[in-house]
Amino acid sequence: MPTSRRALLKTTAAAAVMGLDWTRARAEAETVRIGVIYDLSGPFAAGGSVASSIGTQIAIDLVNEKGGIAGKYKVAPVTADSQSKADAAINEVERLINQEKVDIIDGVFSSAHAVPLAAKIEQQKKILWITTAVSTAVFKDKNLQYVFRAQIHSDQYGQAFAGFLSEHAKDKLGMEPKEVKVALIHEDGPYGVGVAAADEAYSKQAGLQVVLKEGYSAAAPDLSALVTKIKRAGADVISHAGYNPDITLFLRQSRENGLHFKMLFGAGAGYSQLDKLRTTFGPDIDNFCNIDPVPAQLLDPAKLAPGLGDLIKTMVERYKQKTSATDVPPHCSMGFNQTWVLLNNVLPVAKEKYGSFDPEAVRKAALDVDIPPGGTIQGYGVKFYPPGTPLSGQNERSTPVVMQNAGEHISVVWPTNIQTQDPVFPLPKSSVYGA
């Protein structure tokens with residue numbers, strides 16, 4: 001073979017290899033791999049984690065169907081199951097970062113997982129984007145730089161609880177706030193402890209009587225002693241921060257032991273899984289209240305930014321298709337909303353303004369986010385507290401609502417300016433728990 005022909009073939013082969021490498025590099029460049037971690041098994045799965053994971057996946061699907069982030073970069077989720085165990089969550093995140101080489105972790109249902117994961121991921125200077133876990137302790141005085149949460153935080157549960165009671169004690173109960181006796185019960189992880197601490201602080205600030213505050217293990221086999229303590233304390237109102245099996249156990253033993261009260265307030269988690277509670281308790285849970293970020297479908301689309309009403313409708317339709325559920329729980333909106341903000345408001349800016357999807361670019365882009373109230377499907381805006389502030393990385397515009405179980409559906413009863421029905425308060429005499 002002539003030398004010139006041999007050289008030409010070599011050059012052509014090298015060009016082909018370079019072309020393949022370029023094509024492969026381009027394909028990789030057009031895909032953004034994101035770690036997604038939720039409890040897909042264990043007790044937290046039924047407490048809202050699976051619903052959050054479905055909301056997250058719907059957000060990813062919708063973005064990819066429109067061409068990806070900024071219409072250019074497809075999202076490739078790398079999923080992990082934290083199995084309702086903190087050690088499993090830590091191991092899985094280490095796998096995602098070290099083996100799968102992802103720089104962004106999205107998800108996390110349990111605050112008991114969020115606290116150690118935030119510290120670990122911050123240390124490695126990767127991005128943790130928390131969708132669901134609420135404990136204020138995740139951020140409080142930690143000065144986190146790479147951990148962000150558009151979700152509400154647990155102190156806000158206390159604000160809503162005390163706010164509702166202060167507003168309605170006189171007109172609904174015929175009692176001054178100082179006459180209302182409240183019992184605060186909670187699972188003893190960071191989620192329950194954080195909610196109960198906020199309930200206590202804001203209840204005392206509002207002049208309510210805190211007659212009992214007690215924690216328990218979410219895996220406790222018997223809560224009858226707790227039920228007895230509530231009866232002895234003469235509580236009018238109960239605030240309960242729990243997951244799923246523990247809520248079921250508490251309500252069953254309360255009924256068996258004749259516990260009566262004027263109202264029970266859940267604090268999200270298991271109380272937001274209305275389908276599951278109704279399967280077990282039927283109409284017994286009618287008129288119970290629950291504090292959580294609002295399920296997007298309960299909001300008036302006219303009060304939201306243009307296009308969000310259609311987006312909510314699509315989310316609801318897809319959730320029902322995937323689950324056959326009759327009611328879409330708040331956790332679906334949480335998983336969807338926070339992931340949607342990441343994919344539409346943060347990552348495009350990271351790439352276009354700061355040049356990449358690496359943690360530094362994402363961190364800078366997150367701090368640029370400035371979504372006004374009404375700009376997300378859950379109604380609240382998004383602006384993260386900056387470094388050097390007590391809640392660095394937490395959304396300063398997040399807000400919960402008080403919801404009430406109205407038959408097989410949910411209504412918003414507080415804040416009053418966005419309520420969809422007047423609260424039924426106290427529980428009617430026909431309730432098996434009614435005082």
# chains A, B, ... in the order shown; residues from 1 in each chain; ligands from 1

call {"tool": "residues_around", "arguments": {"residues": "His260 of chain A", "least_positions_apart": "3", "cutoff": "9 Å", "atoms": "only C-alpha atoms", "output": "PyMOL selection string"}}
result
chain A and resi 231+235-236+254-255+263+432-435

call {"tool": "write_last_selection", "arguments": {"atoms": "all heavy atoms", "output": "PDB file, in the first residue's frame"}}
result
ATOM      1  N   LYS A 231     -55.310  12.069  78.680  1.00  0.00           N
ATOM      2  CA  LYS A 231     -56.609  12.111  79.368  1.00  0.00           C
ATOM      3  C   LYS A 231     -56.481  12.817  80.721  1.00  0.00           C
ATOM      4  O   LYS A 231     -57.289  13.677  81.072  1.00  0.00           O
ATOM      5  CB  LYS A 231     -57.148  10.688  79.561  1.00  0.00           C
ATOM      6  CG  LYS A 231     -57.643  10.035  78.288  1.00  0.00           C
ATOM      7  CD  LYS A 231     -58.152   8.628  78.533  1.00  0.00           C
ATOM      8  CE  LYS A 231     -59.488   8.639  79.269  1.00  0.00           C
ATOM      9  NZ  LYS A 231     -60.049   7.256  79.367  1.00  0.00           N
ATOM     10  N   ALA A 235     -56.458  17.704  78.065  1.00  0.00           N
ATOM     11  CA  ALA A 235     -56.157  18.518  76.888  1.00  0.00           C
ATOM     12  C   ALA A 235     -57.395  18.756  76.028  1.00  0.00           C
ATOM     13  O   ALA A 235     -58.165  17.825  75.759  1.00  0.00           O
ATOM     14  CB  ALA A 235     -55.066  17.857  76.060  1.00  0.00           C
ATOM     15  N   ASP A 236     -57.569  19.990  75.610  1.00  0.00           N
ATOM     16  CA  ASP A 236     -58.627  20.324  74.656  1.00  0.00           C
ATOM     17  C   ASP A 236     -58.196  20.031  73.224  1.00  0.00           C
ATOM     18  O   ASP A 236     -58.996  19.601  72.395  1.00  0.00           O
ATOM     19  CB  ASP A 236     -58.968  21.819  74.746  1.00  0.00           C
ATOM     20  CG  ASP A 236     -59.488  22.224  76.112  1.00  0.00           C
ATOM     21  OD1 ASP A 236     -60.471  21.625  76.570  1.00  0.00           O
ATOM     22  OD2 ASP A 236     -58.874  23.131  76.721  1.00  0.00           O
ATOM     23  N   SER A 254     -56.318   5.451  71.226  1.00  0.00           N
ATOM     24  CA  SER A 254     -57.111   6.569  71.744  1.00  0.00           C
ATOM     25  C   SER A 254     -58.598   6.218  71.703  1.00  0.00           C
ATOM     26  O   SER A 254     -59.345   6.482  72.658  1.00  0.00           O
ATOM     27  CB  SER A 254     -56.855   7.831  70.916  1.00  0.00           C
ATOM     28  OG  SER A 254     -55.529   8.285  71.082  1.00  0.00           O
ATOM     29  N   ARG A 255     -59.021   5.620  70.619  1.00  0.00           N
ATOM     30  CA  ARG A 255     -60.428   5.228  70.489  1.00  0.00           C
ATOM     31  C   ARG A 255     -60.790   4.143  71.502  1.00  0.00           C
ATOM     32  O   ARG A 255     -61.825   4.205  72.165  1.00  0.00           O
ATOM     33  CB  ARG A 255     -60.682   4.732  69.060  1.00  0.00           C
ATOM     34  CG  ARG A 255     -62.144   4.442  68.733  1.00  0.00           C
ATOM     35  CD  ARG A 255     -62.302   4.123  67.261  1.00  0.00           C
ATOM     36  NE  ARG A 255     -61.453   3.003  66.852  1.00  0.00           N
ATOM     37  CZ  ARG A 255     -61.230   2.663  65.586  1.00  0.00           C
ATOM     38  NH1 ARG A 255     -61.752   3.384  64.601  1.00  0.00           N
ATOM     39  NH2 ARG A 255     -60.465   1.623  65.297  1.00  0.00           N
ATOM     40  N   MET A 263     -60.020  19.044  69.129  1.00  0.00           N
ATOM     41  CA  MET A 263     -59.399  19.005  67.803  1.00  0.00           C
ATOM     42  C   MET A 263     -58.046  18.328  67.885  1.00  0.00           C
ATOM     43  O   MET A 263     -57.341  18.443  68.902  1.00  0.00           O
ATOM     44  CB  MET A 263     -59.216  20.418  67.224  1.00  0.00           C
ATOM     45  CG  MET A 263     -58.669  20.456  65.792  1.00  0.00           C
ATOM     46  SD  MET A 263     -59.638  19.462  64.623  1.00  0.00           S
ATOM     47  CE  MET A 263     -61.166  20.401  64.555  1.00  0.00           C
ATOM     48  N   VAL A 432     -66.261  10.158  66.988  1.00  0.00           N
ATOM     49  CA  VAL A 432     -65.907   9.204  68.051  1.00  0.00           C
ATOM     50  C   VAL A 432     -64.878   9.796  69.008  1.00  0.00           C
ATOM     51  O   VAL A 432     -64.726   9.316  70.128  1.00  0.00           O
ATOM     52  CB  VAL A 432     -65.370   7.868  67.482  1.00  0.00           C
ATOM     53  CG1 VAL A 432     -66.422   7.160  66.658  1.00  0.00           C
ATOM     54  CG2 VAL A 432     -64.103   8.082  66.643  1.00  0.00           C
ATOM     55  N   TYR A 433     -64.163  10.830  68.551  1.00  0.00           N
ATOM     56  CA  TYR A 433     -63.170  11.490  69.404  1.00  0.00           C
ATOM     57  C   TYR A 433     -63.680  12.806  69.979  1.00  0.00           C
ATOM     58  O   TYR A 433     -62.995  13.448  70.774  1.00  0.00           O
ATOM     59  CB  TYR A 433     -61.904  11.780  68.599  1.00  0.00           C
ATOM     60  CG  TYR A 433     -61.207  10.557  68.044  1.00  0.00           C
ATOM     61  CD1 TYR A 433     -61.323  10.216  66.697  1.00  0.00           C
ATOM     62  CD2 TYR A 433     -60.439   9.739  68.867  1.00  0.00           C
ATOM     63  CE1 TYR A 433     -60.691   9.101  66.173  1.00  0.00           C
ATOM     64  CE2 TYR A 433     -59.788   8.610  68.342  1.00  0.00           C
ATOM     65  CZ  TYR A 433     -59.928   8.302  67.003  1.00  0.00           C
ATOM     66  OH  TYR A 433     -59.296   7.193  66.511  1.00  0.00           O
ATOM     67  N   GLY A 434     -64.870  13.258  69.574  1.00  0.00           N
ATOM     68  CA  GLY A 434     -65.377  14.559  69.963  1.00  0.00           C
ATOM     69  C   GLY A 434     -65.568  14.687  71.470  1.00  0.00           C
ATOM     70  O   GLY A 434     -66.057  13.766  72.139  1.00  0.00           O
ATOM     71  N   ALA A 435     -65.215  15.851  72.014  1.00  0.00           N
ATOM     72  CA  ALA A 435     -65.323  16.071  73.455  1.00  0.00           C
ATOM     73  C   ALA A 435     -66.743  16.443  73.819  1.00  0.00           C
ATOM     74  O   ALA A 435     -67.429  17.133  73.066  1.00  0.00           O
ATOM     75  CB  ALA A 435     -64.362  17.171  73.862  1.00  0.00           C
TER      76      ALA A 435
END

call {"tool": "residues_around", "arguments": {"residues": "segment 82-95 of chain A", "least_positions_apart": "4", "cutoff": "6 Å", "atoms": "only C-alpha atoms", "output": "MDAnalysis selection string"}}
result
chainID A and resid 38:39 41:42 44 99 113

call {"tool": "select_by_dssp", "arguments": {"residues": "segment 287-325 of chain A", "states": "alpha helix (DSSP H)", "output": "PyMOL selection string"}}
result
chain A and resi 308-323

call {"tool": "closest_atom_pairs", "arguments": {"of": "segment 201-316 of chain A", "to": "segment 379-397 of chain A", "cutoff": "10 Å", "atoms": "only C-alpha atoms", "output": "Markdown table"}}
result
| residue | atom | partner | partner_atom | distance |
| --- | --- | --- | --- | --- |
| A:Pro293 | CA | A:Gly379 | CA | 9.1 |
| A:Val294 | CA | A:Gly379 | CA | 8.0 |
| A:Pro295 | CA | A:Gly379 | CA | 9.7 |
| A:Ala296 | CA | A:Gly379 | CA | 7.6 |
| A:Leu299 | CA | A:Gly379 | CA | 7.4 |
| A:Asp300 | CA | A:Gly379 | CA | 9.2 |
| A:Pro301 | CA | A:Gly379 | CA | 9.2 |
| A:Lys303 | CA | A:Gly379 | CA | 8.2 |
| A:Leu304 | CA | A:Gly379 | CA | 6.6 |
| A:Ala305 | CA | A:Gly379 | CA | 9.0 |
| A:Leu308 | CA | A:Gly379 | CA | 9.7 |

call {"tool": "write_last_selection", "arguments": {"atoms": "C-alpha atoms", "output": "PDB file, in the first residue's frame"}}
result
ATOM      1  CA  PRO A 293     -47.357  22.925  52.725  1.00  0.00           C
ATOM      2  CA  VAL A 294     -50.523  23.059  50.672  1.00  0.00           C
ATOM      3  CA  PRO A 295     -51.347  20.421  48.046  1.00  0.00           C
ATOM      4  CA  ALA A 296     -51.123  22.540  44.899  1.00  0.00           C
ATOM      5  CA  LEU A 299     -55.062  26.687  45.492  1.00  0.00           C
ATOM      6  CA  ASP A 300     -56.915  29.117  43.252  1.00  0.00           C
ATOM      7  CA  PRO A 301     -54.924  29.131  39.979  1.00  0.00           C
ATOM      8  CA  LYS A 303     -53.866  33.791  42.326  1.00  0.00           C
ATOM      9  CA  LEU A 304     -50.758  32.067  40.926  1.00  0.00           C
ATOM     10  CA  ALA A 305     -48.359  33.033  38.158  1.00  0.00           C
ATOM     11  CA  LEU A 308     -49.095  27.257  36.982  1.00  0.00           C
TER      12      LEU A 308
END

call {"tool": "select_by_dssp", "arguments": {"residues": "segment 100-293 of chain A", "states": "strand (DSSP E or B)", "output": "PyMOL selection string"}}
result
chain A and resi 104-107+127-130+147-149+181-187+209-216+237-241+261+263-266+289-292

call {"tool": "write_last_selection", "arguments": {"atoms": "N, CA, C and O atoms", "output": "compact mmCIF listing (two decimals), in the first residue's frame"}}
result
# COMPACT_ATOMS: atom_id res chain seq x y z
N ILE A 104 -25.13 16.53 42.43
CA ILE A 104 -26.37 17.08 42.98
C ILE A 104 -27.23 15.95 43.52
O ILE A 104 -27.51 14.98 42.80
N ILE A 105 -27.64 16.07 44.78
CA ILE A 105 -28.55 15.10 45.40
C ILE A 105 -29.87 15.80 45.66
O ILE A 105 -29.93 16.83 46.34
N ASP A 106 -30.95 15.25 45.12
CA ASP A 106 -32.30 15.81 45.26
C ASP A 106 -33.15 14.82 46.05
O ASP A 106 -33.06 13.62 45.85
N GLY A 107 -34.00 15.35 46.96
CA GLY A 107 -34.90 14.46 47.69
C GLY A 107 -34.76 14.61 49.19
O GLY A 107 -34.63 15.71 49.71
N ILE A 127 -23.94 19.41 46.14
CA ILE A 127 -25.22 20.08 46.37
C ILE A 127 -26.24 19.10 46.94
O ILE A 127 -26.46 18.02 46.38
N LEU A 128 -26.86 19.47 48.06
CA LEU A 128 -28.01 18.75 48.59
C LEU A 128 -29.22 19.65 48.43
O LEU A 128 -29.27 20.75 49.00
N TRP A 129 -30.21 19.19 47.67
CA TRP A 129 -31.43 19.96 47.40
C TRP A 129 -32.58 19.23 48.09
O TRP A 129 -33.12 18.26 47.58
N ILE A 130 -32.94 19.70 49.29
CA ILE A 130 -33.94 19.00 50.11
C ILE A 130 -35.35 19.37 49.65
O ILE A 130 -35.71 20.54 49.60
N VAL A 147 -26.17 23.40 50.77
CA VAL A 147 -27.43 22.72 51.07
C VAL A 147 -28.55 23.75 50.97
O VAL A 147 -28.47 24.83 51.57
N PHE A 148 -29.60 23.41 50.23
CA PHE A 148 -30.71 24.33 50.02
C PHE A 148 -32.05 23.62 50.24
O PHE A 148 -32.18 22.43 49.97
N ARG A 149 -33.02 24.40 50.73
CA ARG A 149 -34.36 23.84 50.95
C ARG A 149 -35.41 24.91 50.65
O ARG A 149 -35.52 25.91 51.36
N LYS A 181 -56.23 24.27 76.64
CA LYS A 181 -55.17 23.34 77.06
C LYS A 181 -54.72 22.51 75.87
O LYS A 181 -55.53 21.87 75.21
N VAL A 182 -53.40 22.54 75.62
CA VAL A 182 -52.87 21.80 74.48
C VAL A 182 -51.88 20.73 74.93
O VAL A 182 -51.10 20.94 75.86
N ALA A 183 -51.94 19.58 74.24
CA ALA A 183 -50.98 18.49 74.46
C ALA A 183 -50.15 18.35 73.19
O ALA A 183 -50.70 18.27 72.08
N LEU A 184 -48.84 18.31 73.35
CA LEU A 184 -47.92 18.22 72.22
C LEU A 184 -47.24 16.86 72.26
O LEU A 184 -46.45 16.59 73.18
N ILE A 185 -47.56 15.98 71.32
CA ILE A 185 -46.95 14.64 71.30
C ILE A 185 -46.23 14.47 69.97
O ILE A 185 -46.64 15.01 68.94
N HIS A 186 -45.14 13.70 70.00
CA HIS A 186 -44.29 13.65 68.80
C HIS A 186 -43.38 12.45 68.81
O HIS A 186 -42.95 11.97 69.86
N GLU A 187 -43.08 11.97 67.60
CA GLU A 187 -42.00 10.98 67.48
C GLU A 187 -40.70 11.68 67.87
O GLU A 187 -40.57 12.89 67.71
N GLN A 209 -52.21 27.20 77.10
CA GLN A 209 -51.70 26.35 78.19
C GLN A 209 -51.12 25.06 77.61
O GLN A 209 -51.86 24.25 77.05
N VAL A 210 -49.82 24.85 77.75
CA VAL A 210 -49.22 23.58 77.34
C VAL A 210 -49.26 22.65 78.54
O VAL A 210 -48.50 22.81 79.50
N VAL A 211 -50.19 21.67 78.52
CA VAL A 211 -50.37 20.80 79.68
C VAL A 211 -49.60 19.49 79.56
O VAL A 211 -49.46 18.75 80.54
N LEU A 212 -49.09 19.19 78.36
CA LEU A 212 -48.28 17.97 78.17
C LEU A 212 -47.43 18.14 76.93
O LEU A 212 -47.89 18.63 75.91
N LYS A 213 -46.16 17.73 77.05
CA LYS A 213 -45.27 17.66 75.89
C LYS A 213 -44.46 16.39 76.04
O LYS A 213 -43.70 16.26 77.00
N GLU A 214 -44.65 15.45 75.14
CA GLU A 214 -43.99 14.15 75.31
C GLU A 214 -43.66 13.51 73.97
O GLU A 214 -44.47 13.50 73.04
N GLY A 215 -42.44 12.94 73.90
CA GLY A 215 -42.00 12.23 72.72
C GLY A 215 -42.05 10.73 72.93
O GLY A 215 -42.18 10.24 74.05
N TYR A 216 -41.93 9.99 71.84
CA TYR A 216 -41.95 8.52 71.88
C TYR A 216 -41.22 8.01 70.64
O TYR A 216 -41.06 8.74 69.65
N VAL A 237 -56.93 20.30 72.96
CA VAL A 237 -56.40 20.20 71.60
C VAL A 237 -55.09 19.41 71.64
O VAL A 237 -54.28 19.57 72.57
N ILE A 238 -54.89 18.57 70.64
CA ILE A 238 -53.66 17.77 70.53
C ILE A 238 -52.93 18.15 69.25
O ILE A 238 -53.55 18.26 68.19
N SER A 239 -51.63 18.34 69.35
CA SER A 239 -50.77 18.45 68.17
C SER A 239 -49.92 17.19 68.12
O SER A 239 -49.27 16.84 69.10
N HIS A 240 -49.93 16.51 66.97
CA HIS A 240 -49.23 15.23 66.86
C HIS A 240 -48.32 15.22 65.63
O HIS A 240 -48.79 15.34 64.50
N ALA A 241 -47.03 15.10 65.86
CA ALA A 241 -46.05 14.95 64.79
C ALA A 241 -45.64 13.48 64.73
O ALA A 241 -44.90 13.01 65.60
N PHE A 261 -61.36 14.86 72.57
CA PHE A 261 -60.71 16.16 72.46
C PHE A 261 -61.51 17.04 71.50
O PHE A 261 -62.37 16.56 70.75
N MET A 263 -60.02 19.04 69.13
CA MET A 263 -59.40 19.01 67.80
C MET A 263 -58.05 18.33 67.89
O MET A 263 -57.34 18.44 68.90
N LEU A 264 -57.70 17.63 66.81
CA LEU A 264 -56.36 17.07 66.66
C LEU A 264 -55.73 17.71 65.42
O LEU A 264 -56.35 17.75 64.35
N PHE A 265 -54.51 18.21 65.60
CA PHE A 265 -53.73 18.78 64.50
C PHE A 265 -52.57 17.84 64.18
O PHE A 265 -51.72 17.59 65.04
N GLY A 266 -52.53 17.31 62.97
CA GLY A 266 -51.35 16.61 62.51
C GLY A 266 -50.30 17.61 62.05
O GLY A 266 -50.59 18.79 61.85
N CYS A 289 -57.48 18.27 61.65
CA CYS A 289 -56.70 19.27 60.93
C CYS A 289 -55.27 18.76 60.70
O CYS A 289 -54.80 17.86 61.39
N ASN A 290 -54.62 19.35 59.73
CA ASN A 290 -53.25 18.97 59.39
C ASN A 290 -52.50 20.19 58.89
O ASN A 290 -53.02 20.94 58.07
N ILE A 291 -51.30 20.39 59.42
CA ILE A 291 -50.47 21.53 59.01
C ILE A 291 -49.35 21.02 58.10
O ILE A 291 -48.64 20.08 58.45
N ASP A 292 -49.23 21.62 56.94
CA ASP A 292 -48.24 21.19 55.97
C ASP A 292 -48.23 22.21 54.83
O ASP A 292 -49.13 23.05 54.75

call {"tool": "atom_distance", "arguments": {"atom1": "atom CA of Gln421 of chain A", "atom2": "atom CA of His409 of chain A"}}
result
12.0 Å

call {"tool": "residues_around", "arguments": {"residues": "Arg318 of chain A", "least_positions_apart": "2", "cutoff": "12 Å", "atoms": "only C-alpha atoms", "output": "number ranges by chain"}}
result
A: 51, 54-59, 61-62, 311-316, 320-325, 328, 332-333, 336

call {"tool": "write_last_selection", "arguments": {"atoms": "C-alpha atoms", "output": "PDB file, in the first residue's frame"}}
result
ATOM      1  CA  ALA A  51     -45.573  10.314  47.140  1.00  0.00           C
ATOM      2  CA  ILE A  54     -43.462  10.337  42.420  1.00  0.00           C
ATOM      3  CA  GLY A  55     -43.819  14.134  42.422  1.00  0.00           C
ATOM      4  CA  THR A  56     -40.090  14.458  41.773  1.00  0.00           C
ATOM      5  CA  GLN A  57     -40.211  12.005  38.871  1.00  0.00           C
ATOM      6  CA  ILE A  58     -43.185  13.805  37.298  1.00  0.00           C
ATOM      7  CA  ALA A  59     -41.200  17.071  37.386  1.00  0.00           C
ATOM      8  CA  ASP A  61     -40.438  13.775  33.077  1.00  0.00           C
ATOM      9  CA  LEU A  62     -42.090  17.083  32.198  1.00  0.00           C
ATOM     10  CA  LEU A 311     -48.943  22.682  35.421  1.00  0.00           C
ATOM     11  CA  ILE A 312     -50.800  21.664  38.604  1.00  0.00           C
ATOM     12  CA  LYS A 313     -53.512  19.969  36.551  1.00  0.00           C
ATOM     13  CA  THR A 314     -50.892  17.931  34.688  1.00  0.00           C
ATOM     14  CA  MET A 315     -49.140  16.946  37.940  1.00  0.00           C
ATOM     15  CA  VAL A 316     -52.425  15.791  39.493  1.00  0.00           C
ATOM     16  CA  LYS A 320     -53.452   9.675  39.737  1.00  0.00           C
ATOM     17  CA  GLN A 321     -52.419   7.697  36.661  1.00  0.00           C
ATOM     18  CA  LYS A 322     -49.340   6.358  38.445  1.00  0.00           C
ATOM     19  CA  THR A 323     -51.049   5.523  41.742  1.00  0.00           C
ATOM     20  CA  SER A 324     -54.812   5.203  41.121  1.00  0.00           C
ATOM     21  CA  ALA A 325     -55.204   7.465  44.189  1.00  0.00           C
ATOM     22  CA  VAL A 328     -53.239  13.697  45.781  1.00  0.00           C
ATOM     23  CA  CYS A 332     -46.532  14.925  45.781  1.00  0.00           C
ATOM     24  CA  SER A 333     -46.562  18.727  45.502  1.00  0.00           C
ATOM     25  CA  PHE A 336     -42.631  18.168  42.400  1.00  0.00           C
TER      26      PHE A 336
END

call {"tool": "closest_residue", "arguments": {"among": "A:Thr31, A:Gln151, A:Thr136, A:Ser203", "to": "Thr339 of chain A", "atoms": "only C-alpha atoms"}}
result
A:Gln151

call {"tool": "closest_residue", "arguments": {"among": "A:Val108, A:Ala406, A:Val369, A:Leu298", "to": "Gln419 of chain A", "atoms": "only C-alpha atoms"}}
result
A:Leu298

call {"tool": "atom_distance", "arguments": {"atom1": "atom CA of Thr248 of chain A", "atom2": "atom CA of Lys204 of chain A"}}
result
28.7 Å

call {"tool": "residues_around", "arguments": {"residues": "Gly268 of chain A", "least_positions_apart": "3", "cutoff": "12 Å", "atoms": "only C-alpha atoms", "output": "ChimeraX atom specification"}}
result
/A:47-49,109-110,132-134,152-154,156-157,186,191-192,195,239-244,247,265,271-274,289-295,329-331,334,400-404

call {"tool": "decode", "arguments": {"residues": "segment 131-142 of chain A", "atoms": "N, CA, C and O atoms", "output": "short mmCIF file (atom, residue, chain, number, x, y, z; two decimals), in the first residue's frame"}}
result
data_model
loop_
_atom_site.label_atom_id
_atom_site.label_comp_id
_atom_site.auth_asym_id
_atom_site.auth_seq_id
_atom_site.Cartn_x
_atom_site.Cartn_y
_atom_site.Cartn_z
N THR A 131 -36.14 18.35 49.36
CA THR A 131 -37.50 18.58 48.89
C THR A 131 -38.55 18.49 50.00
O THR A 131 -39.57 19.17 49.94
N THR A 132 -38.30 17.65 51.02
CA THR A 132 -39.40 17.26 51.89
C THR A 132 -39.10 17.40 53.39
O THR A 132 -39.94 17.88 54.14
N ALA A 133 -37.94 16.95 53.85
CA ALA A 133 -37.61 16.98 55.28
C ALA A 133 -37.69 18.40 55.82
O ALA A 133 -37.22 19.34 55.18
N VAL A 134 -38.28 18.57 57.01
CA VAL A 134 -38.62 19.93 57.48
C VAL A 134 -37.84 20.45 58.69
O VAL A 134 -37.94 21.63 59.01
N SER A 135 -37.10 19.62 59.39
CA SER A 135 -36.50 20.06 60.65
C SER A 135 -35.69 21.34 60.49
O SER A 135 -34.79 21.45 59.64
N THR A 136 -36.00 22.33 61.32
CA THR A 136 -35.25 23.59 61.32
C THR A 136 -33.79 23.33 61.69
O THR A 136 -32.89 24.05 61.23
N ALA A 137 -33.55 22.29 62.49
CA ALA A 137 -32.20 21.97 62.95
C ALA A 137 -31.25 21.63 61.81
O ALA A 137 -30.03 21.69 61.98
N VAL A 138 -31.77 21.26 60.64
CA VAL A 138 -30.91 20.98 59.50
C VAL A 138 -30.07 22.21 59.15
O VAL A 138 -28.90 22.11 58.79
N PHE A 139 -30.66 23.41 59.30
CA PHE A 139 -30.00 24.64 58.88
C PHE A 139 -29.60 25.57 60.01
O PHE A 139 -28.65 26.34 59.86
N LYS A 140 -30.31 25.52 61.12
CA LYS A 140 -30.16 26.52 62.18
C LYS A 140 -28.71 26.64 62.66
O LYS A 140 -28.11 25.70 63.16
N ASP A 141 -28.14 27.82 62.45
CA ASP A 141 -26.79 28.16 62.92
C ASP A 141 -25.70 27.25 62.34
O ASP A 141 -24.63 27.12 62.94
N LYS A 142 -25.95 26.63 61.18
CA LYS A 142 -24.95 25.76 60.55
C LYS A 142 -24.16 26.49 59.46
O LYS A 142 -23.14 25.99 59.01
#
